[in-house]
$ cat model.cif   # mmCIF, C-alpha atoms
data_upload
loop_
_atom_site.group_PDB
_atom_site.id
_atom_site.type_symbol
_atom_site.label_atom_id
_atom_site.label_comp_id
_atom_site.auth_asym_id
_atom_site.auth_seq_id
_atom_site.Cartn_x
_atom_site.Cartn_y
_atom_site.Cartn_z
ATOM 1 C CA MET A 24 95.464 54.290 96.815
ATOM 2 C CA SER A 25 93.684 57.287 95.285
ATOM 3 C CA SER A 26 95.296 60.708 94.986
ATOM 4 C CA VAL A 27 92.924 62.060 97.640
ATOM 5 C CA ASP A 28 93.859 59.298 100.072
ATOM 6 C CA GLN A 29 97.534 59.993 99.463
ATOM 7 C CA ALA A 30 96.970 63.690 100.189
ATOM 8 C CA VAL A 31 95.108 62.852 103.397
ATOM 9 C CA ARG A 32 97.783 60.454 104.592
ATOM 10 C CA GLY A 33 100.580 62.873 103.759
ATOM 11 C CA GLY A 34 98.757 65.780 105.364
ATOM 12 C CA TRP A 35 98.281 63.931 108.641
ATOM 13 C CA TYR A 36 101.880 62.717 108.665
ATOM 14 C CA GLU A 37 103.068 66.324 108.408
ATOM 15 C CA LEU A 38 100.514 67.796 110.791
ATOM 16 C CA ARG A 39 101.316 65.503 113.688
ATOM 17 C CA GLU A 40 104.940 66.665 113.531
ATOM 18 C CA HIS A 41 103.776 70.219 114.309
ATOM 19 C CA LEU A 42 101.400 69.677 117.236
ATOM 20 C CA ARG A 43 103.604 70.540 120.190
ATOM 21 C CA LYS A 44 103.441 74.345 120.031
ATOM 22 C CA PRO A 45 100.569 76.569 118.806
ATOM 23 C CA ARG A 46 102.874 78.930 116.894
ATOM 24 C CA VAL A 47 104.535 76.042 115.069
ATOM 25 C CA LEU A 48 101.144 74.547 114.226
ATOM 26 C CA PHE A 49 99.834 77.909 113.036
ATOM 27 C CA ASN A 50 102.842 78.430 110.762
ATOM 28 C CA PHE A 51 102.319 74.970 109.289
ATOM 29 C CA LEU A 52 98.604 75.469 108.667
ATOM 30 C CA PHE A 53 99.029 78.977 107.264
ATOM 31 C CA PRO A 54 102.471 79.262 105.686
ATOM 32 C CA GLY A 55 103.869 82.496 104.311
ATOM 33 C CA ASP A 56 101.444 85.146 103.133
ATOM 34 C CA THR A 57 98.370 83.036 103.900
ATOM 35 C CA ALA A 58 98.788 83.881 107.599
ATOM 36 C CA GLN A 59 97.802 87.488 106.886
ATOM 37 C CA SER A 60 94.462 86.372 105.456
ATOM 38 C CA VAL A 61 93.195 84.631 108.585
ATOM 39 C CA GLY A 62 93.543 87.324 111.241
ATOM 40 C CA ALA A 63 89.798 87.964 111.306
ATOM 41 C CA LEU A 64 89.077 84.224 111.417
ATOM 42 C CA LEU A 65 91.383 83.798 114.412
ATOM 43 C CA LYS A 66 89.715 86.644 116.290
ATOM 44 C CA GLU A 67 86.297 85.218 115.463
ATOM 45 C CA ALA A 68 87.337 81.817 116.808
ATOM 46 C CA ALA A 69 88.775 83.452 119.934
ATOM 47 C CA LYS A 70 85.423 85.126 120.509
ATOM 48 C CA GLU A 71 83.676 81.768 120.175
ATOM 49 C CA LEU A 72 85.931 80.327 122.855
ATOM 50 C CA GLU A 73 85.379 83.284 125.164
ATOM 51 C CA ASN A 74 81.612 82.946 124.788
ATOM 52 C CA ALA A 75 81.595 79.198 125.504
ATOM 53 C CA ILE A 76 80.782 79.784 129.155
ATOM 54 C CA GLU A 77 78.993 76.463 129.572
ATOM 55 C CA GLY A 78 80.649 73.816 127.399
ATOM 56 C CA GLY A 79 84.092 75.326 126.900
ATOM 57 C CA VAL A 80 86.421 74.105 124.193
ATOM 58 C CA LEU A 81 84.468 70.867 123.640
ATOM 59 C CA GLU A 82 81.353 72.883 122.840
ATOM 60 C CA VAL A 83 83.219 75.067 120.343
ATOM 61 C CA LYS A 84 85.003 72.354 118.421
ATOM 62 C CA ARG A 85 81.910 70.128 118.314
ATOM 63 C CA ARG A 86 79.878 73.000 116.862
ATOM 64 C CA ARG A 87 82.546 73.925 114.329
ATOM 65 C CA ILE A 88 83.101 70.342 113.188
ATOM 66 C CA ASN A 89 79.358 69.715 112.874
ATOM 67 C CA LEU A 90 79.012 72.865 110.786
ATOM 68 C CA LEU A 91 81.699 71.547 108.451
ATOM 69 C CA TYR A 92 79.932 68.210 108.075
ATOM 70 C CA VAL A 93 76.623 69.958 107.367
ATOM 71 C CA GLU A 94 78.307 71.957 104.616
ATOM 72 C CA LEU A 95 79.944 68.871 103.126
ATOM 73 C CA GLU A 96 76.712 66.873 103.207
ATOM 74 C CA GLU A 97 75.209 69.427 100.821
ATOM 75 C CA ALA A 98 77.429 67.936 98.126
ATOM 76 C CA LYS A 99 74.967 65.035 97.881
ATOM 77 C CA PHE A 100 72.364 67.362 96.402
ATOM 78 C CA SER A 101 74.089 70.562 95.293
ATOM 79 C CA SER A 102 77.270 71.745 93.609
ATOM 80 C CA GLU A 103 77.224 75.128 95.352
ATOM 81 C CA VAL A 104 79.479 73.905 98.158
ATOM 82 C CA PHE A 105 82.263 73.276 95.631
ATOM 83 C CA THR A 106 82.628 77.036 95.173
ATOM 84 C CA ARG A 107 83.591 77.405 98.837
ATOM 85 C CA LEU A 108 86.116 74.627 99.337
ATOM 86 C CA ASP A 109 88.991 77.011 100.033
ATOM 87 C CA GLN A 110 86.930 78.920 102.596
ATOM 88 C CA LEU A 111 85.887 75.689 104.308
ATOM 89 C CA ALA A 112 89.491 74.465 104.321
ATOM 90 C CA LYS A 113 90.539 77.582 106.256
ATOM 91 C CA TYR A 114 87.656 77.086 108.679
ATOM 92 C CA ALA A 115 88.789 73.497 109.197
ATOM 93 C CA ALA A 116 92.379 74.646 109.744
ATOM 94 C CA ILE A 117 91.317 77.129 112.444
ATOM 95 C CA THR A 118 89.324 74.352 114.105
ATOM 96 C CA ILE A 119 92.400 72.123 114.011
ATOM 97 C CA LEU A 120 94.388 74.926 115.626
ATOM 98 C CA ILE A 121 91.848 75.081 118.474
ATOM 99 C CA MET A 122 92.040 71.314 118.909
ATOM 100 C CA GLY A 123 95.823 71.385 118.673
ATOM 101 C CA ILE A 124 96.048 73.928 121.486
ATOM 102 C CA GLU A 125 93.812 71.732 123.640
ATOM 103 C CA ARG A 126 95.953 68.694 122.916
ATOM 104 C CA ALA A 127 99.104 70.659 123.756
ATOM 105 C CA TYR A 128 97.614 71.467 127.169
ATOM 106 C CA LEU A 129 96.778 67.821 127.796
ATOM 107 C CA ALA A 130 100.147 66.549 126.575
ATOM 108 C CA GLY A 131 101.962 69.013 128.830
ATOM 109 C CA ASP A 132 103.572 70.812 125.890
ATOM 110 C CA ILE A 133 102.175 74.167 127.025
ATOM 111 C CA PRO A 134 100.837 75.164 130.454
ATOM 112 C CA LEU A 135 97.222 75.908 131.205
ATOM 113 C CA GLU A 136 98.370 78.931 133.093
ATOM 114 C CA THR A 137 95.522 80.498 135.045
ATOM 115 C CA ASP A 138 91.934 79.883 135.940
ATOM 116 C CA GLY A 139 91.214 83.582 135.504
ATOM 117 C CA GLU A 140 89.660 83.801 138.955
ATOM 118 C CA ASP A 141 92.455 85.708 140.693
ATOM 119 C CA ASP A 142 92.358 88.852 138.574
ATOM 120 C CA GLU A 143 92.355 91.069 141.653
ATOM 121 C CA SER A 144 95.932 90.020 142.340
ATOM 122 C CA GLU A 145 97.284 91.061 138.959
ATOM 123 C CA GLY A 146 100.671 92.656 139.428
ATOM 124 C CA ALA A 147 101.098 91.194 142.892
ATOM 125 C CA GLY A 148 102.847 88.080 141.662
ATOM 126 C CA ARG A 149 101.888 85.056 139.668
ATOM 127 C CA THR A 150 99.189 82.881 141.183
ATOM 128 C CA ALA A 151 100.223 79.274 141.478
ATOM 129 C CA ALA A 152 97.001 77.373 140.912
ATOM 130 C CA ALA A 153 96.475 73.663 140.492
ATOM 131 C CA ALA A 154 93.824 71.573 138.822
ATOM 132 C CA PRO A 155 90.765 70.328 140.669
ATOM 133 C CA SER A 156 91.420 66.876 142.068
ATOM 134 C CA ALA A 157 89.211 63.889 142.724
ATOM 135 C CA ALA A 158 90.541 63.617 146.269
ATOM 136 C CA ALA A 159 89.197 66.051 148.858
ATOM 137 C CA GLU A 160 91.728 68.368 150.421
ATOM 138 C CA ASN A 161 92.630 67.697 154.027
ATOM 139 C CA ALA A 162 90.651 70.318 155.946
ATOM 140 C CA GLN A 163 93.160 70.230 158.778
ATOM 141 C CA ASP A 164 95.948 71.181 156.364
ATOM 142 C CA ILE A 165 94.010 74.248 155.234
ATOM 143 C CA LYS A 166 93.283 75.275 158.823
ATOM 144 C CA GLN A 167 96.968 74.936 159.659
ATOM 145 C CA ILE A 168 97.955 77.013 156.640
ATOM 146 C CA ILE A 169 95.518 79.754 157.632
ATOM 147 C CA ALA A 170 96.857 79.742 161.178
ATOM 148 C CA ASP A 171 100.439 79.964 159.883
ATOM 149 C CA VAL A 172 99.562 82.831 157.546
ATOM 150 C CA GLN A 173 97.915 84.712 160.401
ATOM 151 C CA GLN A 174 101.070 84.272 162.493
ATOM 152 C CA ILE A 175 103.262 85.408 159.587
ATOM 153 C CA ILE A 176 101.209 88.583 159.153
ATOM 154 C CA ALA A 177 101.109 89.231 162.903
ATOM 155 C CA ALA A 178 104.903 89.007 163.064
ATOM 156 C CA ASP A 179 105.416 91.052 159.889
ATOM 157 C CA PRO A 180 102.421 93.060 158.590
ATOM 158 C CA SER A 181 104.308 93.850 155.373
ATOM 159 C CA ALA A 182 103.968 90.151 154.459
ATOM 160 C CA LYS A 183 100.468 91.040 153.262
ATOM 161 C CA MET A 184 102.111 92.555 150.202
ATOM 162 C CA ASP A 185 103.839 89.311 149.238
ATOM 163 C CA GLY A 186 102.252 87.898 146.095
ATOM 164 C CA ALA A 187 101.641 84.411 147.505
ATOM 165 C CA ILE A 188 100.251 85.676 150.825
ATOM 166 C CA LYS A 189 98.042 88.164 149.026
ATOM 167 C CA ASN A 190 96.662 85.404 146.826
ATOM 168 C CA ILE A 191 95.925 83.241 149.867
ATOM 169 C CA LEU A 192 93.971 86.083 151.469
ATOM 170 C CA LEU A 193 92.057 86.683 148.247
ATOM 171 C CA GLN A 194 91.204 82.996 148.006
ATOM 172 C CA LEU A 195 89.971 82.996 151.603
ATOM 173 C CA GLN A 196 87.669 85.923 150.851
ATOM 174 C CA ARG A 197 86.496 84.185 147.711
ATOM 175 C CA TYR A 198 85.759 81.050 149.730
ATOM 176 C CA ARG A 199 83.623 83.017 152.187
ATOM 177 C CA ASN A 200 81.666 84.601 149.336
ATOM 178 C CA GLU A 201 81.161 81.310 147.501
ATOM 179 C CA ALA A 202 80.161 79.493 150.698
ATOM 180 C CA GLU A 203 77.534 82.135 151.448
ATOM 181 C CA THR A 204 76.175 81.904 147.897
ATOM 182 C CA PHE A 205 76.041 78.111 148.131
ATOM 183 C CA ARG A 206 74.239 78.302 151.473
ATOM 184 C CA LYS A 207 71.518 80.502 149.970
ATOM 185 C CA LEU A 208 71.140 78.303 146.890
ATOM 186 C CA LYS A 209 70.828 75.155 149.013
ATOM 187 C CA GLU A 210 67.942 76.705 150.900
ATOM 188 C CA GLN A 211 66.108 77.347 147.627
ATOM 189 C CA SER A 212 66.915 74.125 145.764
ATOM 190 C CA SER A 213 66.190 70.424 145.795
ATOM 191 C CA GLY A 214 66.551 67.343 143.631
ATOM 192 C CA TYR A 215 68.567 67.647 140.441
ATOM 193 C CA ARG A 216 69.220 71.371 140.854
ATOM 194 C CA LEU A 217 70.643 70.849 144.339
ATOM 195 C CA GLU A 218 72.850 68.043 143.041
ATOM 196 C CA MET A 219 74.083 70.260 140.206
ATOM 197 C CA TYR A 220 74.873 73.123 142.581
ATOM 198 C CA SER A 221 76.643 70.753 144.968
ATOM 199 C CA LYS A 222 78.922 69.407 142.231
ATOM 200 C CA THR A 223 79.669 72.858 140.867
ATOM 201 C CA PHE A 224 80.543 74.365 144.233
ATOM 202 C CA ALA A 225 82.520 71.280 145.257
ATOM 203 C CA ALA A 226 84.768 71.876 142.244
ATOM 204 C CA THR A 227 85.014 75.573 143.115
ATOM 205 C CA PHE A 228 85.951 74.892 146.739
ATOM 206 C CA GLN A 229 88.480 72.296 145.622
ATOM 207 C CA SER A 230 90.085 74.858 143.328
ATOM 208 C CA ILE A 231 90.262 77.394 146.154
ATOM 209 C CA PHE A 232 91.850 74.932 148.586
ATOM 210 C CA THR A 233 94.364 73.771 146.005
ATOM 211 C CA SER A 234 95.299 77.357 145.191
ATOM 212 C CA ILE A 235 95.792 78.154 148.879
ATOM 213 C CA LYS A 236 98.096 75.169 149.332
ATOM 214 C CA ARG A 237 100.054 75.937 146.180
ATOM 215 C CA ASN A 238 100.579 79.563 147.158
ATOM 216 C CA TYR A 239 101.598 78.548 150.663
ATOM 217 C CA GLU A 240 104.154 76.104 149.263
ATOM 218 C CA SER A 241 105.422 78.844 146.951
ATOM 219 C CA TYR A 242 105.805 81.257 149.875
ATOM 220 C CA GLN A 243 107.665 78.690 151.975
ATOM 221 C CA ALA A 244 109.950 77.839 149.058
ATOM 222 C CA GLN A 245 110.825 81.509 148.614
ATOM 223 C CA ARG A 246 111.592 81.873 152.332
ATOM 224 C CA GLN A 247 113.911 78.884 152.157
ATOM 225 C CA GLY A 248 115.656 80.239 149.081
ATOM 226 C CA LYS A 249 114.358 77.526 146.775
ATOM 227 C CA LYS A 250 113.610 78.230 143.129
ATOM 228 C CA VAL A 251 109.903 78.530 142.384
ATOM 229 C CA PRO A 252 108.947 77.154 138.939
ATOM 230 C CA ASP A 253 108.171 79.861 136.391
ATOM 231 C CA GLU A 254 105.230 77.979 134.937
ATOM 232 C CA PHE A 255 102.416 76.113 136.585
ATOM 233 C CA SER A 256 99.766 74.207 134.729
ATOM 234 C CA LEU A 257 96.290 73.498 135.999
ATOM 235 C CA LEU A 258 96.687 70.048 134.445
ATOM 236 C CA GLN A 259 100.084 69.120 135.825
ATOM 237 C CA ASP A 260 98.750 66.878 138.599
ATOM 238 C CA LEU A 261 96.335 64.957 136.373
ATOM 239 C CA ASP A 262 96.814 61.862 134.240
ATOM 240 C CA THR A 263 95.609 63.178 130.878
ATOM 241 C CA GLU A 264 97.234 60.566 128.636
ATOM 242 C CA LYS A 265 93.939 58.965 127.545
ATOM 243 C CA TRP A 266 92.331 62.357 127.082
ATOM 244 C CA ALA A 267 95.196 63.486 124.859
ATOM 245 C CA ALA A 268 94.984 60.238 122.887
ATOM 246 C CA VAL A 269 91.324 60.888 122.053
ATOM 247 C CA LEU A 270 92.266 64.427 120.995
ATOM 248 C CA THR A 271 94.841 62.978 118.622
ATOM 249 C CA GLN A 272 92.154 60.822 117.008
ATOM 250 C CA GLN A 273 89.870 63.843 116.677
ATOM 251 C CA LEU A 274 92.680 65.801 115.076
ATOM 252 C CA GLU A 275 93.267 63.054 112.536
ATOM 253 C CA GLU A 276 89.590 63.123 111.546
ATOM 254 C CA ALA A 277 89.555 66.920 111.355
ATOM 255 C CA ASP A 278 92.697 66.929 109.255
ATOM 256 C CA ARG A 279 91.075 64.445 106.900
ATOM 257 C CA ILE A 280 88.594 67.229 106.136
ATOM 258 C CA ARG A 281 91.286 69.893 105.776
ATOM 259 C CA SER A 282 93.570 67.821 103.562
ATOM 260 C CA THR A 283 90.712 66.691 101.327
ATOM 261 C CA LEU A 284 89.445 70.238 100.840
ATOM 262 C CA ASN A 285 92.934 71.580 100.188
ATOM 263 C CA PHE A 286 93.518 68.869 97.600
ATOM 264 C CA LEU A 287 90.223 69.571 95.834
ATOM 265 C CA SER A 288 90.460 73.375 95.913
ATOM 266 C CA GLY A 289 91.000 74.702 92.412
ATOM 267 C CA LYS A 290 89.908 71.466 90.755
ATOM 268 C CA HIS A 291 86.784 71.342 88.603
ATOM 269 C CA THR A 292 86.021 67.646 88.185
ATOM 270 C CA ASN A 293 85.584 64.559 90.372
ATOM 271 C CA LEU A 294 84.711 66.631 93.433
ATOM 272 C CA ARG A 295 81.463 65.110 94.656
ATOM 273 C CA GLY A 296 82.719 61.630 95.550
ATOM 274 C CA PRO A 297 85.547 62.645 97.924
ATOM 275 C CA VAL A 298 83.428 65.326 99.625
ATOM 276 C CA VAL A 299 80.489 62.982 100.200
ATOM 277 C CA GLU A 300 82.877 60.329 101.506
ATOM 278 C CA ILE A 301 84.250 62.756 104.091
ATOM 279 C CA ALA A 302 80.729 63.749 105.144
ATOM 280 C CA ARG A 303 79.966 60.102 105.938
ATOM 281 C CA ARG A 304 82.521 60.184 108.751
ATOM 282 C CA ARG A 305 80.375 62.509 110.854
ATOM 283 C CA THR A 306 79.165 59.677 113.094
ATOM 284 C CA ALA A 307 82.714 58.510 113.785
ATOM 285 C CA MET A 308 83.719 62.003 114.874
ATOM 286 C CA GLY A 309 80.639 62.281 117.073
ATOM 287 C CA GLU A 310 81.668 59.090 118.837
ATOM 288 C CA LEU A 311 85.091 60.601 119.519
ATOM 289 C CA PHE A 312 83.484 63.642 121.137
ATOM 290 C CA GLU A 313 81.446 61.335 123.373
ATOM 291 C CA ALA A 314 84.581 59.368 124.207
ATOM 292 C CA GLU A 315 86.308 62.594 125.193
ATOM 293 C CA SER A 316 83.547 63.437 127.677
ATOM 294 C CA ILE A 317 84.126 60.087 129.377
ATOM 295 C CA VAL A 318 87.929 60.171 129.568
ATOM 296 C CA ALA A 319 87.892 63.847 130.581
ATOM 297 C CA ALA A 320 85.679 63.080 133.579
ATOM 298 C CA GLU A 321 87.949 60.176 134.507
ATOM 299 C CA ALA A 322 91.044 62.368 134.327
ATOM 300 C CA ALA A 323 89.551 65.342 136.169
ATOM 301 C CA GLY A 324 87.802 63.259 138.817
ATOM 302 C CA SER A 325 84.230 64.249 137.977
ATOM 303 C CA GLU A 326 82.080 65.592 135.164
ATOM 304 C CA ALA A 327 81.877 68.975 136.887
ATOM 305 C CA ALA A 328 85.658 69.222 137.139
ATOM 306 C CA ALA A 329 86.058 68.172 133.498
ATOM 307 C CA TRP A 330 83.629 70.822 132.280
ATOM 308 C CA ARG A 331 85.451 73.411 134.352
ATOM 309 C CA LEU A 332 88.733 72.453 132.696
ATOM 310 C CA ASN A 333 87.035 72.666 129.298
ATOM 311 C CA ARG A 334 85.963 76.211 130.106
ATOM 312 C CA LEU A 335 89.435 77.152 131.331
ATOM 313 C CA MET A 336 91.058 75.733 128.200
ATOM 314 C CA ALA A 337 88.607 77.723 126.101
ATOM 315 C CA ARG A 338 89.459 80.931 127.939
ATOM 316 C CA ASP A 339 93.207 80.435 127.776
ATOM 317 C CA GLY A 340 92.956 79.142 124.208
ATOM 318 C CA ALA A 341 91.192 82.348 123.171
ATOM 319 C CA ARG A 342 94.099 84.342 124.554
ATOM 320 C CA ARG A 343 96.574 82.253 122.581
ATOM 321 C CA LEU A 344 94.581 82.634 119.351
ATOM 322 C CA ARG A 345 94.598 86.403 119.738
ATOM 323 C CA ARG A 346 98.367 86.295 120.159
ATOM 324 C CA LEU A 347 98.666 84.386 116.893
ATOM 325 C CA ALA A 348 96.458 86.773 114.915
ATOM 326 C CA PRO A 349 98.607 88.895 112.573
ATOM 327 C CA SER A 350 98.470 92.579 113.479
#
$ encode --input "model.cif" --output "structure tokens"
Amino acid sequence: MSSVDQAVRGGWYELREHLRKPRVLFNFLFPGDTAQSVGALLKEAAKELENAIEGGVLEVKRRRINLLYVELEEAKFSSEVFTRLDQLAKYAAITILIMGIERAYLAGDIPLETDGEDDESEGAGRTAAAAPSAAAENAQDIKQIIADVQQIIAADPSAKMDGAIKNILLQLQRYRNEAETFRKLKEQSSGYRLEMYSKTFAATFQSIFTSIKRNYESYQAQRQGKKVPDEFSLLQDLDTEKWAAVLTQQLEEADRIRSTLNFLSGKHTNLRGPVVEIARRRTAMGELFEAESIVAAEAAGSEAAAWRLNRLMARDGARRLRRLAPS
């Protein structure tokens, strides 16, 4: 086994022991004083995630990984890339951090806390939201919940100030707004566009109904003196085992890049072969991204729901990256 292969194997063995928590992973990737040098890179990556309004975290990591492969492929024809190995290694490490956060969501190690769509209720109590589900909500259940909430408010108008009740009312208003928007779009659309709108709004309505039920359950639990969990995850009701497994494979490939570049940084000979060899694995990584799209849709219940989760993970991941950035 070559020295490079040994470095890659050892790097992956160590990395996978640090995947459960973003802070632990960050400290492993950027030990000691090196953490201070990547604050700007973390903020830049957070901005990428925030701007990924269509493809979410999958879009960001695919773009970043492809950029790395493009850089490494230059080694076939030019030596210029060898002057930037340390810079590329840091870029790879930040990408691994993004992927590690996503895997931690899917493995249940950290919660995907909020869908960011209940900002009006900030300060009124934590919104208990759940992930979109493949199964349609029972419309009768929602009607019964609404009727119960109306009775609760009629008996005690101050109940409107309860965090869970307030969130239910906000979700009802949001549903009315979204339903009106969908009605107008349906009148103007047909074919593929109508199908796209239908899937998108179906996921939105599902999210609203799930949030209403979760908040109602939270309110009832509080009334009965039961403990309400401190953390909810939008993924907690989904089977994400296969999705997380694909993420682990992606992480291993990404760490192959990082470990190789770290090993070669500072060296002056025998650089081209290992770099070109890594670049040849671009197709394998692309296949893993395609595999993720498939298992994500299976886990979420539909492609639309999977893309929504990708966007939510990007948004929440950006927040976590900003927390990690040294001040």
$ closest_residue --input "model.cif" --among "A:Ile121, A:Ile175, A:Ala314, A:Ala116" --to "Val269 in chain A" --atoms "all atoms listed in the file"
A:Ala314
$ closest_atom_pairs --input "model.cif" --of "range 191-281 of chain A" --to "range 323-338 of chain A" --cutoff "12 Å" --atoms "all atoms listed in the file" --output "CSV"
residue,atom,partner,partner_atom,distance
A:Glu218,CA,A:Ala327,CA,11.0
A:Met219,CA,A:Ala327,CA,8.6
A:Tyr220,CA,A:Ala327,CA,9.9
A:Ser221,CA,A:Ala327,CA,9.8
A:Lys222,CA,A:Ala327,CA,6.1
A:Thr223,CA,A:Ala327,CA,6.0
A:Phe224,CA,A:Ala327,CA,9.2
A:Ala225,CA,A:Ala327,CA,8.7
A:Ala226,CA,A:Ala328,CA,5.8
A:Thr227,CA,A:Ala328,CA,8.7
A:Phe228,CA,A:Ala328,CA,11.2
A:Gln229,CA,A:Ala328,CA,9.5
A:Ser230,CA,A:Ala328,CA,9.5
A:Ser256,CA,A:Met336,CA,11.0
A:Leu257,CA,A:Leu332,CA,8.3
A:Leu258,CA,A:Leu332,CA,8.5
A:Gln259,CA,A:Ala323,CA,11.2
A:Asp260,CA,A:Ala323,CA,9.6
A:Leu261,CA,A:Ala323,CA,6.8
A:Asp262,CA,A:Ala323,CA,8.3
A:Thr263,CA,A:Ala323,CA,8.3
A:Glu264,CA,A:Ala323,CA,11.8
A:Lys265,CA,A:Ala323,CA,11.6
A:Trp266,CA,A:Ala323,CA,10.0
$ write_last_selection --input "model.cif" --atoms "C-alpha atoms" --output "PDB file, in the coordinates of the input"
ATOM      1  CA  GLU A 218      72.850  68.043 143.041  1.00  0.00           C
ATOM      2  CA  MET A 219      74.083  70.260 140.206  1.00  0.00           C
ATOM      3  CA  TYR A 220      74.873  73.123 142.581  1.00  0.00           C
ATOM      4  CA  SER A 221      76.643  70.753 144.968  1.00  0.00           C
ATOM      5  CA  LYS A 222      78.922  69.407 142.231  1.00  0.00           C
ATOM      6  CA  THR A 223      79.669  72.858 140.867  1.00  0.00           C
ATOM      7  CA  PHE A 224      80.543  74.365 144.233  1.00  0.00           C
ATOM      8  CA  ALA A 225      82.520  71.280 145.257  1.00  0.00           C
ATOM      9  CA  ALA A 226      84.768  71.876 142.244  1.00  0.00           C
ATOM     10  CA  THR A 227      85.014  75.573 143.115  1.00  0.00           C
ATOM     11  CA  PHE A 228      85.951  74.892 146.739  1.00  0.00           C
ATOM     12  CA  GLN A 229      88.480  72.296 145.622  1.00  0.00           C
ATOM     13  CA  SER A 230      90.085  74.858 143.328  1.00  0.00           C
ATOM     14  CA  SER A 256      99.766  74.207 134.729  1.00  0.00           C
ATOM     15  CA  LEU A 257      96.290  73.498 135.999  1.00  0.00           C
ATOM     16  CA  LEU A 258      96.687  70.048 134.445  1.00  0.00           C
ATOM     17  CA  GLN A 259     100.084  69.120 135.825  1.00  0.00           C
ATOM     18  CA  ASP A 260      98.750  66.878 138.599  1.00  0.00           C
ATOM     19  CA  LEU A 261      96.335  64.957 136.373  1.00  0.00           C
ATOM     20  CA  ASP A 262      96.814  61.862 134.240  1.00  0.00           C
ATOM     21  CA  THR A 263      95.609  63.178 130.878  1.00  0.00           C
ATOM     22  CA  GLU A 264      97.234  60.566 128.636  1.00  0.00           C
ATOM     23  CA  LYS A 265      93.939  58.965 127.545  1.00  0.00           C
ATOM     24  CA  TRP A 266      92.331  62.357 127.082  1.00  0.00           C
TER      25      TRP A 266
END
$ atom_distance --input "model.cif" --atom1 "CA of Gly79 in chain A" --atom2 "CA of Ala341 in chain A"
10.7 Å
$ residues_around --input "model.cif" --residues "range 31-36 of chain A" --least-positions-apart "2" --cutoff "12 Å" --atoms "only C-alpha atoms" --output "ChimeraX atom specification"
/A:24-29,38-42,51-52,116,119,271-287,297,301
$ write_last_selection --input "model.cif" --atoms "C-alpha atoms" --output "PDB file, in the coordinates of the input"
ATOM      1  CA  MET A  24      95.464  54.290  96.815  1.00  0.00           C
ATOM      2  CA  SER A  25      93.684  57.287  95.285  1.00  0.00           C
ATOM      3  CA  SER A  26      95.296  60.708  94.986  1.00  0.00           C
ATOM      4  CA  VAL A  27      92.924  62.060  97.640  1.00  0.00           C
ATOM      5  CA  ASP A  28      93.859  59.298 100.072  1.00  0.00           C
ATOM      6  CA  GLN A  29      97.534  59.993  99.463  1.00  0.00           C
ATOM      7  CA  LEU A  38     100.514  67.796 110.791  1.00  0.00           C
ATOM      8  CA  ARG A  39     101.316  65.503 113.688  1.00  0.00           C
ATOM      9  CA  GLU A  40     104.940  66.665 113.531  1.00  0.00           C
ATOM     10  CA  HIS A  41     103.776  70.219 114.309  1.00  0.00           C
ATOM     11  CA  LEU A  42     101.400  69.677 117.236  1.00  0.00           C
ATOM     12  CA  PHE A  51     102.319  74.970 109.289  1.00  0.00           C
ATOM     13  CA  LEU A  52      98.604  75.469 108.667  1.00  0.00           C
ATOM     14  CA  ALA A 116      92.379  74.646 109.744  1.00  0.00           C
ATOM     15  CA  ILE A 119      92.400  72.123 114.011  1.00  0.00           C
ATOM     16  CA  THR A 271      94.841  62.978 118.622  1.00  0.00           C
ATOM     17  CA  GLN A 272      92.154  60.822 117.008  1.00  0.00           C
ATOM     18  CA  GLN A 273      89.870  63.843 116.677  1.00  0.00           C
ATOM     19  CA  LEU A 274      92.680  65.801 115.076  1.00  0.00           C
ATOM     20  CA  GLU A 275      93.267  63.054 112.536  1.00  0.00           C
ATOM     21  CA  GLU A 276      89.590  63.123 111.546  1.00  0.00           C
ATOM     22  CA  ALA A 277      89.555  66.920 111.355  1.00  0.00           C
ATOM     23  CA  ASP A 278      92.697  66.929 109.255  1.00  0.00           C
ATOM     24  CA  ARG A 279      91.075  64.445 106.900  1.00  0.00           C
ATOM     25  CA  ILE A 280      88.594  67.229 106.136  1.00  0.00           C
ATOM     26  CA  ARG A 281      91.286  69.893 105.776  1.00  0.00           C
ATOM     27  CA  SER A 282      93.570  67.821 103.562  1.00  0.00           C
ATOM     28  CA  THR A 283      90.712  66.691 101.327  1.00  0.00           C
ATOM     29  CA  LEU A 284      89.445  70.238 100.840  1.00  0.00           C
ATOM     30  CA  ASN A 285      92.934  71.580 100.188  1.00  0.00           C
ATOM     31  CA  PHE A 286      93.518  68.869  97.600  1.00  0.00           C
ATOM     32  CA  LEU A 287      90.223  69.571  95.834  1.00  0.00           C
ATOM     33  CA  PRO A 297      85.547  62.645  97.924  1.00  0.00           C
ATOM     34  CA  ILE A 301      84.250  62.756 104.091  1.00  0.00           C
TER      35      ILE A 301
END
$ axis_aligned_box --input "model.cif" --around "range 113-121 of chain A" --padding-each-side "8 Å" --output "lines of an AutoDock Vina configuration file"
center_x = 91.0
center_y = 74.9
center_z = 112.4
size_x = 22.7
size_y = 21.5
size_z = 28.2
$ closest_residue --input "model.cif" --among "A:Leu120, A:Leu294, A:Ala244, A:Ala130" --to "Glu103 in chain A" --atoms "only C-alpha atoms"
A:Leu294
$ atom_distance --input "model.cif" --atom1 "CA of Arg216 in chain A" --atom2 "CA of Gly309 in chain A"
27.9 Å
$ residues_around --input "model.cif" --residues "range 94-101 of chain A" --least-positions-apart "3" --cutoff "10 Å" --atoms "all atoms listed in the file" --output "number ranges by chain"
A: 88-91, 104-105, 107-108, 111, 280, 284, 294-303, 305
$ closest_residue --input "model.cif" --among "A:Ile76, A:Gln110, A:Ala182, A:Val47" --to "Leu64 in chain A" --atoms "only C-alpha atoms"
A:Gln110
